[in-house]
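Undergrad: Input upload.txt, format and content: compact mmCIF, C-alpha atoms.
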```txt
# COMPACT_ATOMS: atom_id res chain seq x y z
CA MET A 225 90.51 117.18 131.93
CA THR A 226 88.32 115.07 134.26
CA THR A 227 88.67 111.30 133.93
CA VAL A 228 86.01 108.75 134.88
CA ASP A 229 87.11 105.89 137.09
CA PRO A 230 86.45 102.67 135.09
CA ASN A 231 85.63 100.77 138.30
CA PHE A 232 83.03 103.41 139.25
CA ALA A 233 81.45 103.27 135.78
CA GLU A 234 81.34 99.46 135.92
CA THR A 235 79.75 99.55 139.38
CA GLU A 236 77.15 102.06 138.22
CA ASP A 237 76.32 99.94 135.17
CA ARG A 238 75.98 96.83 137.33
CA GLU A 239 73.63 98.62 139.72
CA ALA A 240 71.53 99.83 136.78
CA ARG A 241 71.24 96.26 135.42
CA ARG A 242 70.32 95.03 138.90
CA ALA A 243 67.63 97.69 139.22
CA ARG A 244 66.18 96.71 135.84
CA LEU A 245 66.20 93.05 136.89
CA PHE A 246 64.23 93.80 140.08
CA THR A 247 61.80 95.91 138.08
CA ARG A 248 61.12 92.94 135.80
CA ILE A 249 60.75 90.58 138.80
CA ASN A 250 58.24 92.94 140.46
CA ALA A 251 56.31 93.24 137.20
CA ALA A 252 56.22 89.44 136.82
CA ASP A 253 55.09 89.00 140.44
CA LYS A 254 51.54 90.06 139.50
CA TRP A 255 51.26 87.17 137.05
CA PHE A 256 53.02 84.72 139.37
CA GLN A 257 50.20 85.42 141.86
CA VAL A 258 47.58 84.92 139.17
CA LEU A 259 49.08 81.55 138.18
CA GLY A 260 49.55 80.43 141.79
CA PHE A 261 53.35 80.65 141.56
CA SER A 262 53.87 83.57 143.94
CA TRP A 263 56.77 81.68 145.53
CA LEU A 264 58.82 82.30 142.39
CA THR A 265 59.21 86.00 143.27
CA PRO A 266 61.28 85.50 146.46
CA VAL A 267 63.25 82.73 144.73
CA LEU A 268 64.21 85.08 141.90
CA LYS A 269 64.94 87.93 144.29
CA ALA A 270 67.13 85.72 146.46
CA ALA A 271 69.01 84.52 143.35
CA ALA A 272 69.52 88.17 142.39
CA GLY A 273 70.99 88.92 145.84
CA ASP A 274 68.13 90.92 147.36
CA ASN A 275 68.34 90.25 151.11
CA PRO A 276 68.53 86.42 150.92
CA ALA A 277 67.58 85.99 154.60
CA ALA A 278 64.30 87.86 154.20
CA GLN A 279 63.55 86.11 150.91
CA MET A 280 64.13 82.70 152.51
CA LYS A 281 61.39 83.51 155.02
CA GLU A 282 59.03 84.24 152.12
CA ILE A 283 60.09 81.03 150.34
CA TRP A 284 59.39 79.09 153.53
CA ARG A 285 55.93 80.68 153.86
CA LEU A 286 54.89 80.52 150.21
CA LEU A 287 56.50 77.25 149.09
CA ALA A 288 57.85 75.07 151.88
CA VAL A 289 54.81 75.29 154.19
CA PRO A 290 52.25 74.37 151.46
CA VAL A 291 54.47 71.51 150.24
CA ILE A 292 54.86 70.17 153.78
CA ALA A 293 51.08 70.43 154.31
CA ILE A 294 50.38 68.48 151.09
CA VAL A 295 52.95 65.81 151.96
CA ALA A 296 51.50 65.49 155.47
CA PHE A 297 47.99 65.15 154.02
CA LEU A 298 49.14 62.42 151.59
CA MET A 299 50.93 60.55 154.37
CA LEU A 300 47.90 60.74 156.66
CA TRP A 301 45.68 59.61 153.80
CA GLY A 302 48.00 56.71 153.02
CA VAL A 303 48.05 55.57 156.66
CA LEU A 304 44.33 55.89 157.44
CA ALA A 305 42.82 54.79 154.10
CA PRO A 306 43.56 51.02 154.40
CA LYS A 307 41.92 50.98 157.84
CA VAL A 308 38.51 51.99 156.42
CA GLN A 309 36.68 49.04 154.84
CA THR A 310 33.74 49.63 152.48
CA SER A 311 31.50 47.36 150.42
CA LEU A 312 34.06 47.78 147.61
CA GLY A 313 37.05 47.01 149.81
CA ALA A 314 39.49 49.28 151.61
CA VAL A 315 39.55 52.98 150.79
CA PRO A 316 42.33 53.46 148.22
CA GLY A 317 45.40 55.42 149.22
CA PRO A 318 47.36 57.93 147.13
CA ALA A 319 49.32 55.19 145.33
CA GLN A 320 46.18 53.32 144.23
CA VAL A 321 44.50 56.56 143.11
CA TRP A 322 47.57 57.53 141.08
CA ALA A 323 47.65 54.07 139.48
CA GLU A 324 43.99 54.41 138.52
CA ALA A 325 44.65 57.87 137.06
CA VAL A 326 47.32 56.29 134.87
CA ASN A 327 44.83 53.57 133.86
CA LEU A 328 42.26 56.21 132.89
CA HIS A 329 44.87 57.95 130.77
CA GLN A 330 45.81 54.72 129.03
CA ASP A 331 42.15 53.87 128.52
CA ALA A 332 41.58 57.30 126.94
CA GLN A 333 44.50 56.71 124.57
CA ALA A 334 43.15 53.27 123.61
CA LYS A 335 39.67 54.69 122.92
CA SER A 336 41.16 57.49 120.82
CA GLU A 337 43.08 54.95 118.76
CA SER A 338 39.95 52.84 118.36
CA LYS A 339 37.99 55.89 117.18
CA ALA A 340 40.71 56.86 114.71
CA LYS A 341 40.79 53.30 113.34
CA PHE A 342 36.99 53.27 112.95
CA GLU A 343 37.00 56.63 111.13
CA ALA A 344 39.79 55.43 108.82
CA GLN A 345 37.77 52.31 107.97
CA VAL A 346 34.67 54.42 107.23
CA ALA A 347 36.76 56.72 105.02
CA GLN A 348 38.11 53.73 103.07
CA LEU A 349 34.60 52.31 102.68
CA ASN A 350 33.30 55.62 101.34
CA GLU A 351 36.21 55.88 98.91
CA ARG A 352 35.28 52.49 97.48
CA ARG A 353 31.59 53.40 97.32
CA ILE A 354 32.34 56.68 95.53
CA ALA A 355 34.63 54.83 93.06
CA GLN A 356 31.73 52.47 92.36
CA GLY A 357 29.33 55.37 91.84
CA GLN A 358 27.48 54.81 95.12
CA GLU A 359 26.53 57.32 97.81
CA PRO A 360 28.90 57.53 100.80
CA VAL A 361 27.57 56.33 104.15
CA ALA A 362 27.55 58.37 107.35
CA ARG A 363 28.52 56.27 110.35
CA ALA A 364 29.28 57.82 113.73
CA TYR A 365 31.57 56.25 116.30
CA THR A 366 29.41 54.96 119.14
CA GLY A 367 32.08 54.00 121.66
CA ALA A 368 32.02 55.30 125.23
CA PRO A 369 33.55 58.77 125.71
CA THR A 370 37.02 58.97 127.21
CA TYR A 371 37.71 60.49 130.61
CA TYR A 372 39.16 63.58 128.93
CA GLN A 373 36.09 63.96 126.73
CA GLN A 374 33.89 63.90 129.82
CA ILE A 375 36.08 66.58 131.41
CA TRP A 376 35.82 68.72 128.29
CA THR A 377 32.03 68.26 128.18
CA SER A 378 31.72 69.53 131.76
CA ILE A 379 33.98 72.52 131.10
CA GLN A 380 32.00 73.49 127.98
CA THR A 381 28.73 73.18 129.89
CA VAL A 382 29.79 75.25 132.87
CA PHE A 383 31.15 78.05 130.67
CA PHE A 384 27.98 78.10 128.56
CA GLY A 385 25.77 78.34 131.64
CA PHE A 386 28.11 80.87 133.23
CA LEU A 387 28.04 83.11 130.13
CA ILE A 388 24.23 83.07 130.07
CA ALA A 389 24.20 83.92 133.79
CA THR A 390 26.62 86.82 133.19
CA VAL A 391 24.56 88.22 130.32
CA VAL A 392 21.47 88.16 132.54
CA ALA A 393 22.98 89.17 135.89
CA VAL A 394 25.22 92.12 134.94
CA PRO A 395 22.50 94.28 133.28
CA LEU A 396 20.04 93.47 136.09
CA GLY A 397 22.70 94.30 138.68
CA ILE A 398 23.45 97.62 136.99
CA ALA A 399 19.73 98.45 136.93
CA ALA A 400 19.35 97.53 140.61
CA GLY A 401 22.39 99.61 141.56
CA LEU A 402 21.29 102.69 139.63
CA SER A 403 17.56 102.62 140.36
CA PRO A 404 15.99 102.25 143.83
CA ILE A 405 12.77 101.14 142.12
CA ALA A 406 14.54 98.38 140.18
CA ASN A 407 16.33 97.34 143.37
CA ALA A 408 13.02 97.16 145.26
CA ALA A 409 11.55 95.02 142.46
CA LEU A 410 14.49 92.61 142.18
CA ASN A 411 15.38 92.23 145.86
CA PRO A 412 12.46 89.94 146.87
CA LEU A 413 13.06 87.71 143.84
CA ILE A 414 16.75 87.42 144.73
CA GLN A 415 15.97 86.57 148.35
CA ILE A 416 13.46 83.88 147.30
CA PHE A 417 15.37 82.15 144.49
CA LYS A 418 18.97 82.51 145.64
CA PRO A 419 18.77 79.73 148.29
CA VAL A 420 17.06 77.22 145.95
CA SER A 421 19.10 74.05 145.49
CA PRO A 422 20.11 72.91 142.00
CA LEU A 423 18.44 69.59 142.79
CA ALA A 424 15.12 71.45 143.01
CA TRP A 425 15.67 73.35 139.76
CA LEU A 426 16.75 70.30 137.76
CA PRO A 427 13.34 68.53 137.40
CA ILE A 428 11.66 71.81 136.36
CA VAL A 429 14.39 72.62 133.83
CA THR A 430 14.32 69.06 132.49
CA MET A 431 10.55 69.15 131.90
CA ILE A 432 10.59 72.60 130.27
CA VAL A 433 13.55 71.85 127.98
CA SER A 434 12.06 68.47 127.05
CA ALA A 435 8.76 70.16 126.19
CA LEU A 436 10.44 72.82 124.05
CA ALA A 437 12.85 70.40 122.36
CA ALA A 438 11.14 67.11 121.63
CA SER A 439 14.29 65.61 120.04
CA ASN A 440 18.07 66.02 120.02
CA ASP A 441 18.06 67.35 116.45
CA GLY A 442 18.66 70.94 117.54
CA LEU A 443 21.90 72.91 117.57
CA LEU A 444 22.73 71.76 121.12
CA PRO A 445 21.97 68.38 122.74
CA LYS A 446 19.07 68.40 125.19
CA SER A 447 21.24 67.08 128.04
CA PHE A 448 23.76 69.90 127.47
CA VAL A 449 21.03 72.56 127.58
CA ILE A 450 19.47 71.09 130.74
CA SER A 451 22.78 71.13 132.62
CA ALA A 452 23.73 74.59 131.34
CA VAL A 453 20.38 76.18 132.26
CA THR A 454 20.57 74.64 135.74
CA VAL A 455 24.03 76.15 136.14
CA THR A 456 22.66 79.52 134.99
CA LEU A 457 19.78 79.53 137.47
CA CYS A 458 22.06 78.76 140.40
CA SER A 459 25.13 80.83 139.50
CA LEU A 460 23.71 84.19 138.43
CA TRP A 461 22.95 85.44 141.96
CA PRO A 462 26.50 86.24 143.19
CA THR A 463 27.17 88.27 140.03
CA LEU A 464 23.82 90.08 140.27
CA ILE A 465 24.27 90.97 143.95
CA ASN A 466 27.91 92.07 143.62
CA THR A 467 27.18 94.10 140.47
CA ALA A 468 24.34 95.92 142.22
CA LEU A 469 26.55 96.56 145.25
CA GLY A 470 29.44 97.79 143.09
CA VAL A 471 27.22 100.17 141.13
CA ALA A 472 25.49 101.49 144.27
CA SER A 473 28.89 102.10 145.91
CA ILE A 474 30.16 104.50 143.21
CA ASP A 475 31.50 107.76 144.61
CA LYS A 476 28.67 110.30 144.71
CA ASP A 477 31.02 113.01 143.40
CA LEU A 478 31.42 111.00 140.18
CA VAL A 479 27.65 110.71 139.87
CA ASN A 480 27.33 114.47 140.31
CA VAL A 481 29.97 115.04 137.64
CA SER A 482 27.97 112.89 135.21
CA LYS A 483 24.93 115.08 135.89
CA VAL A 484 26.92 118.27 135.35
CA LEU A 485 28.28 116.91 132.06
CA LYS A 486 24.76 115.80 131.12
CA MET A 487 25.90 112.29 130.17
CA ASN A 488 23.29 110.08 128.59
CA THR A 489 22.53 106.72 130.23
CA TRP A 490 24.74 104.65 127.91
CA THR A 491 27.76 106.96 128.32
CA LYS A 492 27.24 107.05 132.07
CA ILE A 493 27.20 103.26 132.28
CA THR A 494 30.18 102.61 129.98
CA LYS A 495 32.41 105.51 131.07
CA LEU A 496 31.55 105.81 134.74
CA VAL A 497 29.53 102.93 136.20
CA LEU A 498 31.31 99.87 134.78
CA PRO A 499 34.92 101.04 135.37
CA SER A 500 34.09 101.93 138.97
CA ALA A 501 32.15 98.73 139.68
CA LEU A 502 34.44 96.26 137.88
CA PRO A 503 36.30 95.02 141.00
CA LEU A 504 33.06 93.93 142.67
CA ILE A 505 31.62 92.64 139.39
CA PHE A 506 34.64 90.36 138.95
CA THR A 507 34.32 89.21 142.56
CA GLY A 508 30.76 88.18 141.72
CA LEU A 509 31.88 86.48 138.51
CA ARG A 510 34.48 84.43 140.35
CA LEU A 511 31.90 83.36 142.93
CA SER A 512 29.38 82.55 140.21
CA LEU A 513 31.82 80.39 138.26
CA GLY A 514 32.72 78.45 141.43
CA VAL A 515 29.05 77.94 142.28
CA GLY A 516 28.31 76.93 138.70
CA TRP A 517 31.04 74.29 138.70
CA MET A 518 29.71 72.71 141.91
CA VAL A 519 26.12 72.84 140.65
CA LEU A 520 27.08 71.24 137.34
CA ILE A 521 28.59 68.13 138.92
CA ALA A 522 25.45 67.60 141.03
CA ALA A 523 23.19 68.16 138.00
CA GLU A 524 25.15 65.71 135.85
CA MET A 525 24.97 63.06 138.57
CA LEU A 526 21.24 63.44 139.14
CA ALA A 527 20.16 63.80 135.50
CA GLN A 528 22.75 61.37 134.11
CA ASN A 529 23.89 64.01 131.64
CA PRO A 530 27.33 63.56 130.04
CA GLY A 531 30.28 64.90 132.03
CA LEU A 532 32.30 64.31 135.16
CA GLY A 533 29.20 64.01 137.36
CA LYS A 534 27.90 61.13 135.25
CA PHE A 535 31.33 59.51 135.36
CA VAL A 536 31.25 59.57 139.18
CA TRP A 537 27.72 58.15 139.29
CA ASP A 538 28.50 55.43 136.75
CA GLU A 539 31.52 54.33 138.75
CA PHE A 540 29.45 54.30 141.94
CA GLN A 541 26.86 52.11 140.24
CA ASN A 542 29.54 49.92 138.65
CA GLY A 543 30.78 48.69 142.01
CA SER A 544 34.06 47.21 140.74
CA SER A 545 37.24 47.00 142.80
CA SER A 546 38.64 50.08 141.00
CA SER A 547 35.48 52.20 141.23
CA LEU A 548 36.35 53.95 144.47
CA ALA A 549 39.81 54.89 143.22
CA ARG A 550 38.31 56.21 139.97
CA ILE A 551 35.81 58.29 141.93
CA MET A 552 38.67 59.77 143.92
CA VAL A 553 40.51 60.59 140.70
CA ALA A 554 37.37 62.42 139.54
CA VAL A 555 37.09 64.28 142.87
CA LEU A 556 40.69 65.49 142.59
CA THR A 557 40.09 66.42 138.95
CA ILE A 558 37.02 68.44 139.92
CA GLY A 559 39.02 70.27 142.58
CA VAL A 560 41.94 71.06 140.26
CA ILE A 561 39.64 72.29 137.49
CA GLY A 562 37.75 74.46 139.99
CA PHE A 563 41.07 76.02 141.03
CA LEU A 564 42.06 76.62 137.39
CA LEU A 565 38.69 78.21 136.60
CA ASP A 566 39.19 80.62 139.48
CA ARG A 567 42.70 81.41 138.18
CA VAL A 568 41.22 82.20 134.77
CA MET A 569 38.81 84.72 136.30
CA TYR A 570 41.63 86.09 138.50
CA ALA A 571 43.73 86.67 135.35
CA LEU A 572 40.84 88.50 133.66
CA GLN A 573 40.29 90.55 136.79
CA SER A 574 43.98 91.51 136.82
CA LEU A 575 43.78 92.57 133.17
CA PHE A 576 40.70 94.76 133.50
CA THR A 577 40.92 96.19 137.02
CA PHE A 578 43.49 98.23 138.89
CA THR A 579 42.74 97.27 142.45
CA ASN A 580 44.64 95.15 144.93
CA THR A 581 41.41 93.71 146.29
CA ARG A 582 41.28 90.05 145.34
```
Could the structure of this file be written out as structure tokens, please?
TA:
Amino acid sequence: MTTVDPNFAETEDREARRARLFTRINAADKWFQVLGFSWLTPVLKAAAGDNPAAQMKEIWRLLAVPVIAIVAFLMLWGVLAPKVQTSLGAVPGPAQVWAEAVNLHQDAQAKSESKAKFEAQVAQLNERRIAQGQEPVARAYTGAPTYYQQIWTSIQTVFFGFLIATVVAVPLGIAAGLSPIANAALNPLIQIFKPVSPLAWLPIVTMIVSALAASNDGLLPKSFVISAVTVTLCSLWPTLINTALGVASIDKDLVNVSKVLKMNTWTKITKLVLPSALPLIFTGLRLSLGVGWMVLIAAEMLAQNPGLGKFVWDEFQNGSSSSLARIMVAVLTIGVIGFLLDRVMYALQSLFTFTNTR
């Protein structure tokens, strides 16, 4: 009778567990890249004993080098900032900007508490009025929006404008990619309007929206619509161009197969065109969202519409000793949100496409 060496069986089981662990790490690596945490993969592999020397090189490249670069930037900023004098005083360094970020957070908390107190008082007043047989009153809180509310307003606006741009650009891009006639018709319009600055669109959009909506009684505030439409007009071009390119680049053999199978237009688009063109479509969407975010801040500053752009302009006009630091907080916030928006589109691209092209 053949006996199995217990040590051999234990070694085999350990190797199987190790292989499963590395499979999970490799599967998670895709999402680490999406989230910007690609350095976690070599850390986990090194901890699991997979060639620590090689993994340390990856950790150095993916984690240590970026951290050193950020620290060097902060140190250089801290050294040079006090040497630059402006009408509002010296340029604030990292410490002053961080302190102002904390102040904005505390101010947001105080405003939220003030709003909650006001709403509680209105609720108590209405309870008394109802008990006395009177009609309740409707009183809205009129305090200034918090920093976080302004951030949320900008995010809502850019996504609304981006969605409109997507709904317009993707069908037009598909038409331009499938039909030479449609491409010939759209191409001059793209070449003319693509370079137009948002600052040129804004007055036109403002006048048209103001003419169509005489008051703010509609479903959406006028200022919100103006900013969103401006974002749409400036951000739809990358999606349109990349969609047309993706559709036009479909393998001709696949097109011939669709003809042999006598697919109708809708089936051809949904089963053949879109799956093949998705990588380039998502590239266009990522570019469009980035353009839209930059355009929005400029539009909010110029039109004084609610959002981060207005916050920056108000602080510039305020001219207090903390204004410059607050503007820098907003600049960093804009950059971080822009990065996160790109990560969101990257995650969607990873879910719906099967290409390594990013």
Undergrad: Out of A:Ile375, A:Ile294, A:Ile283, A:Leu556, which residue has the shortest atom-to-atom distance to Phe261 of chain A when counting all atoms listed in the file?
TA: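 Looking only at the distances to Phe261 of chain A, the closest residue turns out to be A:Ile283.
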Undergrad: Can you tell me how far atom CA of Leu509 of chain A sits from atom CA of Ala522 of chain A, in Å to one decimal?
TA: 20.1 Å
Undergrad: In Å, with one decimal, what is the gap from atom CA of Lys492 of chain A to atom CA of Val471 of chain A?
TA: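 If I compute the distance from atom CA of Lys492 of chain A to atom CA of Val471 of chain A, I get 11.4 Å.
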Undergrad: Can you list, as a PDB file with C-alpha atoms, keeping the file's coordinate frame, every protein, DNA or RNA residue that comes within 8 Å of Gly385 of chain A when you count only C-alpha atoms, leaving out same-chain residues fewer than 5 positions away?
TA:
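result_19.pdb, written as the output of this step:
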```
ATOM      1  CA  SER A 451      22.780  71.130 132.620  1.00  0.00           C
ATOM      2  CA  ALA A 452      23.730  74.590 131.340  1.00  0.00           C
ATOM      3  CA  VAL A 453      20.380  76.180 132.260  1.00  0.00           C
ATOM      4  CA  THR A 454      20.570  74.640 135.740  1.00  0.00           C
ATOM      5  CA  VAL A 455      24.030  76.150 136.140  1.00  0.00           C
ATOM      6  CA  THR A 456      22.660  79.520 134.990  1.00  0.00           C
ATOM      7  CA  GLY A 516      28.310  76.930 138.700  1.00  0.00           C
TER       8      GLY A 516
END
```
Undergrad: Taking only C-alpha atoms into account, which of A:Ala334, A:Val481, A:Val346, A:Ala319 comes nearest Ala368 of chain A?
TA: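 Of all the options, A:Ala334 lies closest to Ala368 of chain A.
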Undergrad: As a list in words, please: the residues near Thr390 of chain A (cut-off 9 Å, only C-alpha atoms, same-chain neighbours under 6 positions excluded).
TA: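 So, after excluding close chain neighbours, the residues are Thr456, Ser459, Leu460, Thr463, Leu464, Leu509 and Ser512 of chain A.
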Undergrad: Quick one: pull the distance between atom CA of Lys534 of chain A and atom CA of Tyr371 of chain A, Å, one decimal.
TA: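 A separation of 10.9 Å between them.
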Undergrad: Got a sec: who's within 10 Å of Ser547 of chain A, counting only C-alpha atoms, leaving out chain neighbours fewer than 4 positions off, as a list in words?
TA: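 Returned residues: Leu312, Pro316, Glu324, Val536, Trp537, Asp538, Glu539, Phe540, Gln541, Asn542, Gly543, Ile551, Met552 and Val553 of chain A.
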Undergrad: Compile the contact shell of segment 564-569 of chain A as a ChimeraX atom specification: residues with an atom at most 12 Å away, counting only C-alpha atoms, same-chain residues fewer than 2 positions apart removed.
TA: /A:255-261,379-380,382-383,386,503,505-518,557-562,571-577,582
Undergrad: Could you check the closest approach to Ala406 of chain A for each of A:Leu387, A:Ala468, A:Leu298, A:Ala435 and tell me which residue wins, using all atoms listed in the file?
TA: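 Among the listed residues, the smallest separation from Ala406 of chain A belongs to A:Ala468.
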Undergrad: Have a look at A:Ala288, A:Val315, A:Ala393, A:Asp274 and name the one nearest to Trp301 of chain A; count all atoms listed in the file.
TA: A:Val315
Undergrad: A:Leu402, A:Val420, A:Pro276, A:Pro427: which is nearest Leu498 of chain A, counting all atoms listed in the file?
TA: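 Result for the nearest residue to Leu498 of chain A: A:Leu402.
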Undergrad: Given only C-alpha atoms as the basis, pick out the residue of A:Ile354, A:Leu300, A:Val555, A:Ala399 nearest to Thr489 of chain A.
TA: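 Comparing A:Ile354, A:Leu300, A:Val555, A:Ala399 against Thr489 of chain A, the winner is A:Ala399.
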Undergrad: Please provide the set of residues having any atom within 10 Å of Lys418 of chain A, restricted to only C-alpha atoms, with same-chain residues fewer than 6 positions apart removed, written as a PyMOL selection string.
TA: chain A and resi 412+457-462
